[in-house]
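Data file: my_file.csv. Format and content: CSV, C-alpha atoms.
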chain,number,residue,atom,x,y,z
Q,26,MET,CA,37.8,-74.9,-74.0
Q,27,LYS,CA,35.2,-72.6,-75.6
Q,28,GLN,CA,34.3,-73.2,-79.2
Q,29,ILE,CA,34.1,-70.4,-81.7
Q,30,ASN,CA,30.6,-69.1,-82.4
Q,31,SER,CA,29.3,-68.1,-85.8
Q,32,ARG,CA,29.8,-64.4,-85.4
Q,33,HIS,CA,33.3,-64.7,-84.0
Q,34,GLY,CA,34.0,-67.2,-86.9
Q,35,ALA,CA,32.8,-64.5,-89.3
Q,36,LEU,CA,35.3,-62.0,-87.7
Q,37,VAL,CA,38.1,-64.5,-88.3
Q,38,ALA,CA,36.9,-65.0,-91.9
Q,39,GLY,CA,36.8,-61.3,-92.4
Q,40,LEU,CA,40.4,-61.0,-91.3
Q,41,MET,CA,41.4,-63.8,-93.6
Q,42,ASP,CA,39.6,-62.1,-96.4
Q,43,TRP,CA,41.7,-59.0,-95.7
Q,44,GLY,CA,44.9,-61.1,-95.9
Q,45,ILE,CA,46.0,-60.7,-92.3
Q,46,GLN,CA,49.6,-61.8,-91.8
Q,47,ASP,CA,50.3,-61.3,-88.1
Q,48,PHE,CA,48.3,-60.5,-85.0
Q,49,ILE,CA,49.3,-59.4,-81.6
Q,50,TYR,CA,47.0,-60.4,-78.7
Q,51,VAL,CA,46.4,-59.9,-75.1
Q,52,PRO,CA,44.6,-63.0,-73.7
Q,53,SER,CA,40.9,-62.7,-73.0
Q,54,SER,CA,38.5,-65.6,-72.3
Q,55,HIS,CA,36.0,-64.0,-74.7
Q,56,ALA,CA,38.4,-63.6,-77.5
Q,57,ALA,CA,40.2,-66.9,-77.0
Q,58,PRO,CA,38.3,-68.8,-79.7
Q,59,ILE,CA,39.2,-66.0,-82.2
Q,60,ILE,CA,42.9,-66.2,-81.2
Q,61,ARG,CA,42.9,-70.0,-81.5
Q,62,SER,CA,41.1,-69.9,-84.8
Q,63,LEU,CA,43.6,-67.4,-86.3
Q,64,GLU,CA,46.5,-69.4,-85.1
Q,65,SER,CA,45.1,-72.6,-86.5
Q,66,GLN,CA,44.8,-71.0,-89.8
Q,67,GLY,CA,48.5,-70.2,-89.9
Q,68,VAL,CA,48.4,-66.5,-89.0
Q,69,ARG,CA,51.5,-65.6,-87.0
Q,70,ALA,CA,50.7,-64.7,-83.4
Q,71,VAL,CA,52.6,-62.8,-80.8
Q,72,MET,CA,51.2,-62.7,-77.2
Q,73,ALA,CA,51.8,-59.4,-75.5
Q,74,ASN,CA,51.7,-59.0,-71.7
Q,75,ARG,CA,50.2,-55.5,-71.8
Q,76,GLU,CA,48.1,-53.7,-74.3
Q,77,GLU,CA,50.5,-50.8,-74.9
Q,78,GLU,CA,53.2,-53.5,-75.6
Q,79,ALA,CA,50.8,-54.9,-78.2
Q,80,VAL,CA,50.5,-51.5,-79.9
Q,81,GLY,CA,54.3,-51.2,-80.0
Q,82,ILE,CA,54.9,-54.6,-81.6
Q,83,ALA,CA,52.0,-54.2,-84.0
Q,84,GLY,CA,53.2,-50.7,-84.9
Q,85,GLY,CA,56.7,-52.1,-85.7
Q,86,LEU,CA,55.2,-54.8,-87.9
Q,87,SER,CA,53.0,-52.2,-89.7
Q,88,LEU,CA,56.1,-50.0,-90.4
Q,89,ALA,CA,57.7,-53.1,-91.9
Q,90,GLY,CA,54.8,-53.4,-94.3
Q,91,ARG,CA,52.9,-56.3,-92.7
Q,92,LYS,CA,49.2,-56.6,-92.4
Q,93,VAL,CA,48.8,-56.8,-88.7
Q,94,ALA,CA,45.9,-56.6,-86.2
Q,95,ILE,CA,45.5,-56.6,-82.5
Q,96,VAL,CA,43.0,-58.8,-80.6
Q,97,MET,CA,42.3,-57.8,-77.0
Q,98,GLN,CA,39.6,-56.9,-74.5
Q,99,ASP,CA,38.1,-53.5,-74.2
Q,100,ASN,CA,39.2,-52.9,-70.6
Q,101,GLY,CA,42.8,-52.9,-71.8
Q,102,PHE,CA,42.4,-49.6,-73.6
Q,103,GLY,CA,43.2,-47.9,-70.3
Q,104,ASN,CA,46.7,-49.4,-70.6
Q,105,ALA,CA,47.0,-48.7,-74.3
Q,106,LEU,CA,45.8,-45.1,-74.5
Q,107,THR,CA,49.2,-43.3,-74.4
Q,108,ALA,CA,50.7,-45.8,-76.9
Q,109,LEU,CA,47.7,-45.3,-79.2
Q,110,ALA,CA,47.8,-41.5,-78.9
Q,111,THR,CA,51.5,-40.8,-79.1
Q,112,PHE,CA,52.6,-43.6,-81.4
Q,113,ALA,CA,49.9,-45.2,-83.5
Q,114,ILE,CA,48.0,-42.0,-84.2
Q,115,GLN,CA,51.0,-39.6,-84.5
Q,116,TYR,CA,53.0,-42.0,-86.6
Q,117,HIS,CA,50.0,-42.8,-88.9
Q,118,LEU,CA,50.1,-46.5,-88.3
Q,119,ALA,CA,47.5,-48.8,-89.9
Q,120,ILE,CA,46.5,-51.0,-87.1
Q,121,PRO,CA,43.0,-52.4,-86.9
Q,122,ILE,CA,42.2,-53.4,-83.3
Q,123,PHE,CA,39.5,-55.9,-82.5
Q,124,ALA,CA,38.4,-55.9,-78.9
Q,125,ASN,CA,35.6,-57.9,-77.2
Q,126,THR,CA,33.4,-55.8,-74.9
Q,127,ARG,CA,32.7,-56.5,-71.3
Q,128,GLY,CA,30.2,-55.2,-68.8
Q,129,GLY,CA,27.1,-56.2,-70.7
Q,130,LEU,CA,24.5,-59.0,-70.6
Q,131,GLY,CA,25.8,-62.0,-68.7
Q,132,GLU,CA,28.7,-60.1,-67.1
Q,133,TYR,CA,29.9,-61.7,-63.9
Q,134,ASN,CA,32.5,-59.1,-63.0
Q,135,SER,CA,31.0,-56.4,-60.8
Q,136,MET,CA,33.5,-53.6,-61.6
Q,137,ILE,CA,34.7,-54.1,-65.2
Q,138,ASN,CA,31.9,-52.0,-66.6
Q,139,SER,CA,33.5,-48.9,-65.0
Q,140,ILE,CA,36.1,-48.9,-67.7
Q,141,SER,CA,34.4,-50.9,-70.5
Q,142,GLU,CA,31.3,-48.6,-70.7
Q,143,SER,CA,33.6,-45.6,-71.1
Q,144,VAL,CA,35.8,-47.0,-73.8
Q,145,PRO,CA,34.0,-45.8,-76.9
Q,146,SER,CA,33.9,-42.2,-75.7
Q,147,ILE,CA,37.5,-42.3,-74.6
Q,148,LEU,CA,38.7,-43.6,-77.9
Q,149,GLU,CA,36.6,-41.1,-79.9
Q,150,ARG,CA,38.0,-38.3,-77.7
Q,151,ILE,CA,41.6,-39.1,-78.8
Q,152,GLY,CA,40.5,-39.4,-82.4
Q,153,VAL,CA,40.3,-43.2,-82.9
Q,154,LYS,CA,37.5,-44.4,-85.1
Q,155,VAL,CA,35.3,-46.9,-83.4
Q,156,ILE,CA,33.1,-49.5,-85.1
Q,157,GLU,CA,30.7,-51.7,-83.1
Q,158,LEU,CA,29.5,-55.2,-84.0
Q,159,GLY,CA,26.7,-56.6,-81.9
Q,160,ILE,CA,24.8,-59.8,-81.7
Q,161,SER,CA,21.9,-58.2,-83.6
Q,162,ASP,CA,24.2,-57.8,-86.6
Q,163,SER,CA,24.2,-60.7,-89.0
Q,164,VAL,CA,27.0,-63.1,-89.5
Q,165,GLU,CA,27.5,-61.6,-93.0
Q,166,VAL,CA,27.8,-58.1,-91.6
Q,167,TRP,CA,30.4,-59.3,-89.1
Q,168,ARG,CA,32.5,-60.8,-91.9
Q,169,SER,CA,32.2,-57.9,-94.4
Q,170,SER,CA,32.6,-55.2,-91.7
Q,171,THR,CA,35.7,-56.9,-90.3
Q,172,LYS,CA,37.4,-56.8,-93.7
Q,173,ALA,CA,36.2,-53.3,-94.4
Q,174,VAL,CA,37.6,-51.8,-91.2
Q,175,ALA,CA,40.9,-53.5,-91.7
Q,176,GLN,CA,41.1,-52.0,-95.2
Q,177,LEU,CA,40.0,-48.7,-93.8
Q,178,ALA,CA,43.0,-48.6,-91.4
Q,179,LYS,CA,45.3,-49.2,-94.3
Q,180,ILE,CA,43.6,-46.6,-96.5
Q,181,GLN,CA,43.5,-44.0,-93.7
Q,182,HIS,CA,47.0,-44.8,-92.3
Q,183,ARG,CA,45.4,-44.8,-88.8
Q,184,PRO,CA,44.5,-47.3,-86.1
Q,185,ASN,CA,40.8,-48.0,-85.7
Q,186,VAL,CA,38.9,-50.1,-83.1
Q,187,THR,CA,36.2,-52.6,-83.6
Q,188,LEU,CA,34.3,-53.3,-80.4
Q,189,PHE,CA,32.6,-56.7,-80.8
Q,190,GLU,CA,30.0,-57.9,-78.4
Q,191,ALA,CA,30.8,-61.1,-76.7
Q,192,LEU,CA,28.2,-62.6,-74.3
Q,193,HIS,CA,29.2,-64.5,-71.3
Q,194,PRO,CA,30.3,-68.0,-72.5
Q,195,SER,CA,27.2,-69.6,-70.9
Q,196,LEU,CA,24.9,-67.4,-73.0
Q,197,GLU,CA,26.7,-67.7,-76.3
Q,198,GLU,CA,25.4,-69.7,-79.2
Q,199,VAL,CA,27.8,-72.5,-80.2
Q,200,GLU,CA,27.9,-73.9,-83.6
P,10,MET,CA,81.5,-43.1,-72.0
P,11,LYS,CA,79.1,-40.3,-72.7
P,12,ARG,CA,75.8,-41.1,-74.3
P,13,ILE,CA,76.6,-39.2,-77.5
P,14,ASP,CA,79.8,-41.2,-78.0
P,15,ALA,CA,77.9,-44.5,-77.6
P,16,LEU,CA,75.3,-43.2,-80.1
P,17,LYS,CA,78.0,-42.4,-82.7
P,18,ILE,CA,79.3,-46.0,-82.4
P,19,ILE,CA,75.8,-47.5,-82.7
P,20,ASP,CA,74.9,-45.2,-85.6
P,21,THR,CA,78.0,-46.2,-87.5
P,22,PHE,CA,77.3,-49.9,-86.9
P,23,PHE,CA,73.7,-49.6,-88.1
P,24,ALA,CA,74.3,-47.2,-90.9
P,25,ALA,CA,72.4,-49.4,-93.4
P,26,ASN,CA,70.0,-51.0,-91.0
P,27,PRO,CA,66.7,-50.0,-89.4
P,28,LEU,CA,67.3,-48.3,-86.0
P,29,VAL,CA,64.6,-47.5,-83.5
P,30,ILE,CA,65.6,-44.8,-81.0
P,31,THR,CA,64.1,-44.1,-77.7
P,32,CYS,CA,62.6,-40.7,-76.9
P,33,GLY,CA,64.0,-37.6,-75.1
P,34,ALA,CA,67.6,-36.7,-74.9
P,35,THR,CA,68.7,-39.9,-76.7
P,36,ALA,CA,66.7,-39.1,-79.9
P,37,ARG,CA,67.7,-35.5,-79.7
P,38,GLU,CA,71.4,-36.3,-79.4
P,39,MET,CA,71.3,-38.7,-82.2
P,40,ALA,CA,69.5,-36.2,-84.5
P,41,SER,CA,72.1,-33.6,-83.6
P,42,PHE,CA,74.7,-35.4,-85.6
P,43,SER,CA,72.9,-38.1,-87.7
P,44,ARG,CA,69.5,-38.3,-89.4
P,45,ARG,CA,68.8,-41.2,-91.7
P,46,ASP,CA,65.6,-42.5,-93.3
P,47,LEU,CA,66.3,-45.8,-91.5
P,48,HIS,CA,66.1,-44.1,-88.2
P,49,LEU,CA,62.9,-44.1,-86.3
P,50,PRO,CA,63.3,-41.7,-83.4
P,51,LEU,CA,60.4,-41.8,-80.9
P,52,LEU,CA,59.3,-38.3,-79.9
P,53,ASP,CA,57.3,-39.7,-77.0
P,54,SER,CA,56.0,-43.2,-76.3
P,55,MET,CA,58.4,-43.9,-73.5
P,56,GLY,CA,58.5,-47.6,-72.7
P,57,LEU,CA,57.6,-48.8,-76.2
P,58,THR,CA,61.0,-48.7,-77.9
P,59,SER,CA,62.0,-52.3,-77.6
P,60,ALA,CA,58.4,-53.5,-78.4
P,61,ILE,CA,58.5,-51.4,-81.6
P,62,GLY,CA,61.9,-52.8,-82.5
P,63,LEU,CA,60.6,-56.4,-82.0
P,64,GLY,CA,57.8,-55.7,-84.4
P,65,VAL,CA,60.1,-54.3,-87.0
P,66,ALA,CA,62.4,-57.2,-86.7
P,67,LEU,CA,59.6,-59.7,-87.0
P,68,GLY,CA,58.6,-57.9,-90.2
P,69,THR,CA,61.9,-57.8,-92.0
P,70,ASN,CA,64.9,-60.0,-92.7
P,71,ASP,CA,67.4,-57.2,-92.1
P,72,ARG,CA,69.2,-56.9,-88.8
P,73,VAL,CA,67.3,-54.3,-86.7
P,74,GLY,CA,68.8,-52.1,-84.0
P,75,VAL,CA,67.1,-50.6,-81.0
P,76,ILE,CA,68.5,-47.9,-78.7
P,77,ASP,CA,66.7,-48.1,-75.5
P,78,GLY,CA,67.4,-46.5,-72.1
P,79,ASP,CA,67.2,-47.9,-68.6
P,80,GLY,CA,64.3,-45.7,-67.8
P,81,SER,CA,62.4,-46.5,-70.9
P,82,LEU,CA,63.1,-50.2,-70.6
P,83,LEU,CA,61.9,-50.1,-67.0
P,84,MET,CA,58.7,-48.4,-68.1
P,85,GLY,CA,57.9,-51.2,-70.6
P,86,PHE,CA,59.6,-54.0,-68.7
P,87,SER,CA,56.9,-56.6,-69.8
P,88,ILE,CA,58.7,-56.7,-73.2
P,89,LEU,CA,61.5,-58.7,-71.7
P,90,PRO,CA,59.6,-62.0,-71.4
P,91,THR,CA,58.0,-61.3,-74.8
P,92,LEU,CA,61.5,-61.0,-76.3
P,93,ALA,CA,62.4,-64.3,-74.8
P,94,ALA,CA,59.2,-66.0,-75.9
P,95,TYR,CA,59.5,-64.7,-79.5
P,96,PRO,CA,63.2,-64.6,-80.3
P,97,ALA,CA,64.0,-62.4,-83.2
P,98,THR,CA,67.4,-63.5,-84.4
P,99,ASN,CA,67.8,-60.3,-86.4
P,100,LEU,CA,67.3,-58.0,-83.4
P,101,THR,CA,70.0,-56.2,-81.4
P,102,ILE,CA,68.8,-54.1,-78.5
P,103,VAL,CA,71.3,-51.7,-76.9
P,104,VAL,CA,70.3,-50.4,-73.5
P,105,LEU,CA,72.2,-47.2,-72.6
P,106,ASP,CA,72.1,-47.4,-68.8
P,107,ASN,CA,73.0,-44.1,-67.0
P,108,GLY,CA,71.0,-45.0,-63.9
P,109,GLN,CA,68.8,-42.0,-64.2
P,110,HIS,CA,65.9,-40.5,-66.1
P,111,ALA,CA,68.2,-38.0,-67.8
P,112,SER,CA,65.4,-36.3,-69.7
P,113,ALA,CA,63.4,-35.9,-66.5
P,114,ASP,CA,65.7,-33.7,-64.6
P,115,GLN,CA,68.1,-36.5,-64.0
P,116,VAL,CA,66.0,-38.2,-61.4
P,117,PRO,CA,67.7,-41.5,-60.5
P,118,SER,CA,66.1,-44.6,-62.1
P,119,GLN,CA,65.8,-47.9,-60.3
P,120,ALA,CA,68.8,-49.0,-62.5
P,121,ALA,CA,70.9,-46.9,-60.2
P,122,THR,CA,70.6,-49.6,-57.5
P,123,ILE,CA,69.7,-52.8,-59.4
P,124,GLU,CA,71.3,-54.5,-62.3
P,125,LEU,CA,68.8,-54.6,-65.2
P,126,SER,CA,70.9,-57.0,-67.3
P,127,GLY,CA,70.4,-59.7,-64.7
P,128,ALA,CA,66.7,-59.8,-65.5
P,129,ALA,CA,67.3,-60.3,-69.2
P,130,GLU,CA,69.9,-62.9,-68.5
P,131,GLY,CA,67.5,-64.7,-66.1
P,132,LEU,CA,64.9,-64.9,-68.8
P,133,GLY,CA,67.5,-66.6,-71.1
P,134,LEU,CA,68.1,-63.7,-73.3
P,135,ASN,CA,71.5,-63.4,-74.9
P,136,THR,CA,72.9,-60.6,-72.7
P,137,ILE,CA,76.2,-58.7,-73.2
P,138,ARG,CA,77.5,-56.1,-70.7
P,139,CYS,CA,79.7,-53.2,-71.8
P,140,ASN,CA,81.4,-50.3,-70.0
P,141,ASP,CA,83.3,-48.5,-72.7
P,142,ALA,CA,83.7,-47.9,-76.5
P,143,PRO,CA,85.9,-50.9,-77.3
P,144,THR,CA,83.6,-53.4,-75.5
P,145,LEU,CA,80.5,-51.8,-77.2
P,146,ASP,CA,82.2,-52.1,-80.6
P,147,ALA,CA,83.0,-55.7,-79.9
P,148,ALA,CA,79.5,-56.5,-78.6
P,149,LEU,CA,77.9,-55.1,-81.7
P,150,ALA,CA,80.2,-57.0,-84.0
P,151,GLN,CA,79.5,-60.2,-82.0
P,152,SER,CA,75.8,-59.8,-82.3
P,153,LYS,CA,76.0,-59.5,-86.0
P,154,SER,CA,78.4,-62.3,-86.6
P,155,GLU,CA,76.4,-64.7,-84.4
P,156,ASN,CA,73.2,-63.9,-86.2
P,157,ARG,CA,71.1,-64.2,-83.1
P,158,PHE,CA,69.2,-61.9,-80.8
P,159,ALA,CA,71.4,-59.8,-78.5
P,160,MET,CA,70.7,-57.4,-75.7
P,161,ILE,CA,73.6,-55.2,-75.0
P,162,PHE,CA,73.7,-53.3,-71.7
P,163,VAL,CA,76.1,-50.3,-71.8
P,164,LYS,CA,77.0,-48.3,-68.7
P,165,ILE,CA,77.2,-44.7,-69.7
P,166,GLU,CA,77.9,-41.5,-67.8
P,167,PRO,CA,74.9,-39.7,-66.3
P,168,GLY,CA,73.6,-36.4,-67.8
P,169,ASN,CA,73.0,-35.0,-71.3
P,170,SER,CA,75.1,-33.3,-73.9
P,171,PRO,CA,74.8,-29.5,-73.7
P,172,ASP,CA,73.2,-27.3,-76.4
P,173,ILE,CA,71.4,-30.1,-78.2
P,174,PRO,CA,68.4,-28.7,-80.1
P,175,LEU,CA,64.9,-30.0,-79.8
P,176,LEU,CA,63.7,-32.6,-82.3
P,177,LEU,CA,60.7,-31.0,-83.8
P,178,ALA,CA,60.2,-33.4,-86.7
P,179,ASP,CA,56.7,-34.5,-87.8
P,180,PRO,CA,56.3,-38.1,-86.6
P,181,ALA,CA,54.1,-39.0,-89.7
P,182,VAL,CA,57.0,-37.9,-92.0
P,183,LEU,CA,59.5,-39.9,-89.9
P,184,ALA,CA,57.3,-43.0,-90.1
P,185,GLN,CA,56.7,-42.7,-93.8
P,186,ARG,CA,60.4,-42.3,-94.5
P,187,PHE,CA,61.3,-45.2,-92.2
P,188,ALA,CA,58.7,-47.5,-93.7
P,189,SER,CA,59.8,-46.8,-97.2
P,190,ALA,CA,63.5,-47.3,-96.3
P,191,VAL,CA,62.7,-50.5,-94.5
P,192,GLY,CA,60.9,-51.8,-97.6
P,193,SER,CA,63.7,-50.8,-99.8
P,194,SER,CA,66.3,-52.2,-97.4
P,195,SER,CA,64.5,-55.6,-97.3
P,196,GLN,CA,64.5,-55.8,-101.1
P,197,ARG,CA,68.2,-55.5,-101.4
Please lay out the structure from this file as structure tokens.
Amino acid sequence: MKQINSRHGALVAGLMDWGIQDFIYVPSSHAAPIIRSLESQGVRAVMANREEEAVGIAGGLSLAGRKVAIVMQDNGFGNALTALATFAIQYHLAIPIFANTRGGLGEYNSMINSISESVPSILERIGVKVIELGISDSVEVWRSSTKAVAQLAKIQHRPNVTLFEALHPSLEEVE
Amino acid sequence: MKRIDALKIIDTFFAANPLVITCGATAREMASFSRRDLHLPLLDSMGLTSAIGLGVALGTNDRVGVIDGDGSLLMGFSILPTLAAYPATNLTIVVLDNGQHASADQVPSQAATIELSGAAEGLGLNTIRCNDAPTLDAALAQSKSENRFAMIFVKIEPGNSPDIPLLLADPAVLAQRFASAVGSSSQR
């Protein structure tokens, strides 16, 4: 089982700073430590089988007044696109989405880059704000940015997406 | 039973509760005779209705209703195991099954030849089958009195009601009214 690294721990801390109440996730090996950490801290979790399903459940929770986020992997935005465009954007839903990136350094999948590299431009094309957190950003920036983008979703009544860099497990620092 | 007759029964039952309504002719027929702040009609987003309803139900203590269709449920079929894995005791999903994509030129859906309720039942979901107004009435009452999740499958006639106007509401306004009403409803 992968341990959480310092930057991913900072992302979790940022969500806790924000006051997250629920999160919907689609399993990802790179995001698994974040998912486990949020669950261990008592944040209610719902596992969705597809990313558009996650948008639907999170949207319902947001409409009920809950502070909810989605944790997923960037290649799932192909599935989620229509749900984001026709539901989350059109119904003005505050859903911060945190997605680990794939296709970069240490990638072992030869084809995943064909969707992952296009995700930022696809999301921007449908009007979703994209924030990127990389391994060159400090732990403090990860924590403060995470809280800030979640607050921004609430303030703007819109979904936004944070793409966070996650190296292959064998290359990640472990605390 | 025609769809609009089923909608009238469901609307009466959920008059003071959040109700998420699937897109297309279903949302339009409902809006033609009833518009409430506690209604969340979907103007698109086919396949998401039950997922949205689950989210609302997990966020409130009130009983939440969902009106889905066979075509929409088939499009988002992955919600069925999620409903089983995360049971919301305050959620009632009514699937109006006409065996066709009535809003898509009445092309037959797979529900024309398979029994969708069997999948829900197989997953352990509390499943009720109805064929007419009295059994729908009874199923809704049962779901409320038992205070547990229920998925009610209702066989309805194919086709759409004639002369129903388009639903041209602003989704942001619908969402804002719904969210405010759900908040007020939860505080009662």
Which of P:Asp53, P:Glu38, P:Asp20, P:Asp141 sits closest to chain Q [using only C-alpha atoms]: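 Answer, going by the shortest atom-to-atom distance: P:Asp53.
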Counting all atoms listed in the file, a student should be able to say which residues of chain P come within 8 Å of chain Q; what is the right answer, written as a VMD selection string? chain P and resid 53 to 54 57 to 58 60 to 69 85 87 to 88 91 95 180 to 184 187 to 188 191 to 192
Create the file for the chosen residues now, containing C-alpha atoms and written as a PDB file, in the coordinates of the input.
ATOM      1  CA  ASP P  53      57.300 -39.700 -77.000  1.00  0.00           C
ATOM      2  CA  SER P  54      56.000 -43.200 -76.300  1.00  0.00           C
ATOM      3  CA  LEU P  57      57.600 -48.800 -76.200  1.00  0.00           C
ATOM      4  CA  THR P  58      61.000 -48.700 -77.900  1.00  0.00           C
ATOM      5  CA  ALA P  60      58.400 -53.500 -78.400  1.00  0.00           C
ATOM      6  CA  ILE P  61      58.500 -51.400 -81.600  1.00  0.00           C
ATOM      7  CA  GLY P  62      61.900 -52.800 -82.500  1.00  0.00           C
ATOM      8  CA  LEU P  63      60.600 -56.400 -82.000  1.00  0.00           C
ATOM      9  CA  GLY P  64      57.800 -55.700 -84.400  1.00  0.00           C
ATOM     10  CA  VAL P  65      60.100 -54.300 -87.000  1.00  0.00           C
ATOM     11  CA  ALA P  66      62.400 -57.200 -86.700  1.00  0.00           C
ATOM     12  CA  LEU P  67      59.600 -59.700 -87.000  1.00  0.00           C
ATOM     13  CA  GLY P  68      58.600 -57.900 -90.200  1.00  0.00           C
ATOM     14  CA  THR P  69      61.900 -57.800 -92.000  1.00  0.00           C
ATOM     15  CA  GLY P  85      57.900 -51.200 -70.600  1.00  0.00           C
ATOM     16  CA  SER P  87      56.900 -56.600 -69.800  1.00  0.00           C
ATOM     17  CA  ILE P  88      58.700 -56.700 -73.200  1.00  0.00           C
ATOM     18  CA  THR P  91      58.000 -61.300 -74.800  1.00  0.00           C
ATOM     19  CA  TYR P  95      59.500 -64.700 -79.500  1.00  0.00           C
ATOM     20  CA  PRO P 180      56.300 -38.100 -86.600  1.00  0.00           C
ATOM     21  CA  ALA P 181      54.100 -39.000 -89.700  1.00  0.00           C
ATOM     22  CA  VAL P 182      57.000 -37.900 -92.000  1.00  0.00           C
ATOM     23  CA  LEU P 183      59.500 -39.900 -89.900  1.00  0.00           C
ATOM     24  CA  ALA P 184      57.300 -43.000 -90.100  1.00  0.00           C
ATOM     25  CA  PHE P 187      61.300 -45.200 -92.200  1.00  0.00           C
ATOM     26  CA  ALA P 188      58.700 -47.500 -93.700  1.00  0.00           C
ATOM     27  CA  VAL P 191      62.700 -50.500 -94.500  1.00  0.00           C
ATOM     28  CA  GLY P 192      60.900 -51.800 -97.600  1.00  0.00           C
TER      29      GLY P 192
END
Computed interatomic separation between atom CA of Q:Val164 and atom CA of Q:Ile59 (Å): 14.5 Å
Pairwise distance for atom CA of P:Asp79 and atom CA of P:Ser112, rounded to one decimal in Å: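 It comes out at 11.8 Å.
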Residues within 7 Å of Q:Thr171, please, as a list of chain:residue names. Count all atoms listed in the file; anything in the same chain fewer than 5 positions from it doesn't count.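 Listing them by chain and then by number gives Q:Leu36, Q:Gly39, Q:Leu40.
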Restrict the selected residues to C-alpha atoms and save them as an mmCIF file, in the frame of the given file.
data_model
loop_
_atom_site.group_PDB
_atom_site.id
_atom_site.type_symbol
_atom_site.label_atom_id
_atom_site.label_comp_id
_atom_site.auth_asym_id
_atom_site.auth_seq_id
_atom_site.Cartn_x
_atom_site.Cartn_y
_atom_site.Cartn_z
ATOM 1 C CA LEU Q 36 35.300 -62.000 -87.700
ATOM 2 C CA GLY Q 39 36.800 -61.300 -92.400
ATOM 3 C CA LEU Q 40 40.400 -61.000 -91.300
#
Find the spatial neighbours of Q:Ile180, counting all atoms listed in the file, within a cut-off of 12 Å - ignore same-chain residues fewer than 5 positions away - and output them as a CSV table (one decimal) with C-alpha atoms, in the frame of the given file.
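Below is the file that was written, around32.csv:
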chain,number,residue,atom,x,y,z
Q,117,HIS,CA,50.0,-42.8,-88.9
Q,118,LEU,CA,50.1,-46.5,-88.3
Q,119,ALA,CA,47.5,-48.8,-89.9
Q,120,ILE,CA,46.5,-51.0,-87.1
Q,121,PRO,CA,43.0,-52.4,-86.9
Q,173,ALA,CA,36.2,-53.3,-94.4
Q,174,VAL,CA,37.6,-51.8,-91.2
Q,175,ALA,CA,40.9,-53.5,-91.7
Q,185,ASN,CA,40.8,-48.0,-85.7
Can you work out the spacing between atom CA of P:Arg157 and atom CA of P:Pro50 in Å, to one decimal?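 Here the two named atoms are 23.8 Å from each other.
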How big is the axis-aligned box around all listed atoms of stretch 54-63 of chain Q once 3 Å goes on each side, and where's its centre, in Å to one decimal, as lines of an AutoDock Vina configuration file?
center_x = 39.8
center_y = -66.8
center_z = -79.3
size_x = 13.6
size_y = 12.4
size_z = 20.0
From the structure block, carefully write stretch 105-116 of chain P out with N, CA and C atoms; format it as a PDB file, in the first residue's frame.
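Below you can see part35.pdb, which holds the result:
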ATOM      1  N   LEU P 105     -39.837   5.255 -14.771  1.00  0.00           N
ATOM      2  CA  LEU P 105     -40.978   5.147 -15.690  1.00  0.00           C
ATOM      3  C   LEU P 105     -40.490   4.432 -16.941  1.00  0.00           C
ATOM      4  N   ASP P 106     -40.948   3.206 -17.096  1.00  0.00           N
ATOM      5  CA  ASP P 106     -40.414   2.313 -18.126  1.00  0.00           C
ATOM      6  C   ASP P 106     -41.429   2.162 -19.252  1.00  0.00           C
ATOM      7  N   ASN P 107     -41.163   2.855 -20.363  1.00  0.00           N
ATOM      8  CA  ASN P 107     -42.030   2.705 -21.536  1.00  0.00           C
ATOM      9  C   ASN P 107     -41.345   1.893 -22.634  1.00  0.00           C
ATOM     10  N   GLY P 108     -40.159   1.349 -22.314  1.00  0.00           N
ATOM     11  CA  GLY P 108     -39.483   0.486 -23.278  1.00  0.00           C
ATOM     12  C   GLY P 108     -38.985   1.204 -24.515  1.00  0.00           C
ATOM     13  N   GLN P 109     -38.860   2.504 -24.389  1.00  0.00           N
ATOM     14  CA  GLN P 109     -38.404   3.245 -25.571  1.00  0.00           C
ATOM     15  C   GLN P 109     -37.740   4.566 -25.156  1.00  0.00           C
ATOM     16  N   HIS P 110     -36.963   5.098 -26.081  1.00  0.00           N
ATOM     17  CA  HIS P 110     -36.431   6.456 -25.917  1.00  0.00           C
ATOM     18  C   HIS P 110     -37.478   7.398 -26.526  1.00  0.00           C
ATOM     19  N   ALA P 111     -38.471   7.720 -25.691  1.00  0.00           N
ATOM     20  CA  ALA P 111     -39.631   8.445 -26.225  1.00  0.00           C
ATOM     21  C   ALA P 111     -39.254   9.833 -26.736  1.00  0.00           C
ATOM     22  N   SER P 112     -38.185  10.410 -26.177  1.00  0.00           N
ATOM     23  CA  SER P 112     -37.766  11.744 -26.619  1.00  0.00           C
ATOM     24  C   SER P 112     -36.831  11.671 -27.818  1.00  0.00           C
ATOM     25  N   ALA P 113     -36.461  10.469 -28.203  1.00  0.00           N
ATOM     26  CA  ALA P 113     -35.564  10.289 -29.346  1.00  0.00           C
ATOM     27  C   ALA P 113     -36.302   9.513 -30.435  1.00  0.00           C
ATOM     28  N   ASP P 114     -37.415  10.103 -30.836  1.00  0.00           N
ATOM     29  CA  ASP P 114     -38.222   9.545 -31.920  1.00  0.00           C
ATOM     30  C   ASP P 114     -38.759   8.155 -31.595  1.00  0.00           C
ATOM     31  N   GLN P 115     -38.898   7.893 -30.296  1.00  0.00           N
ATOM     32  CA  GLN P 115     -39.503   6.649 -29.816  1.00  0.00           C
ATOM     33  C   GLN P 115     -38.752   5.399 -30.289  1.00  0.00           C
ATOM     34  N   VAL P 116     -37.454   5.523 -30.414  1.00  0.00           N
ATOM     35  CA  VAL P 116     -36.630   4.352 -30.720  1.00  0.00           C
ATOM     36  C   VAL P 116     -36.709   3.400 -29.529  1.00  0.00           C
TER      37      VAL P 116
END
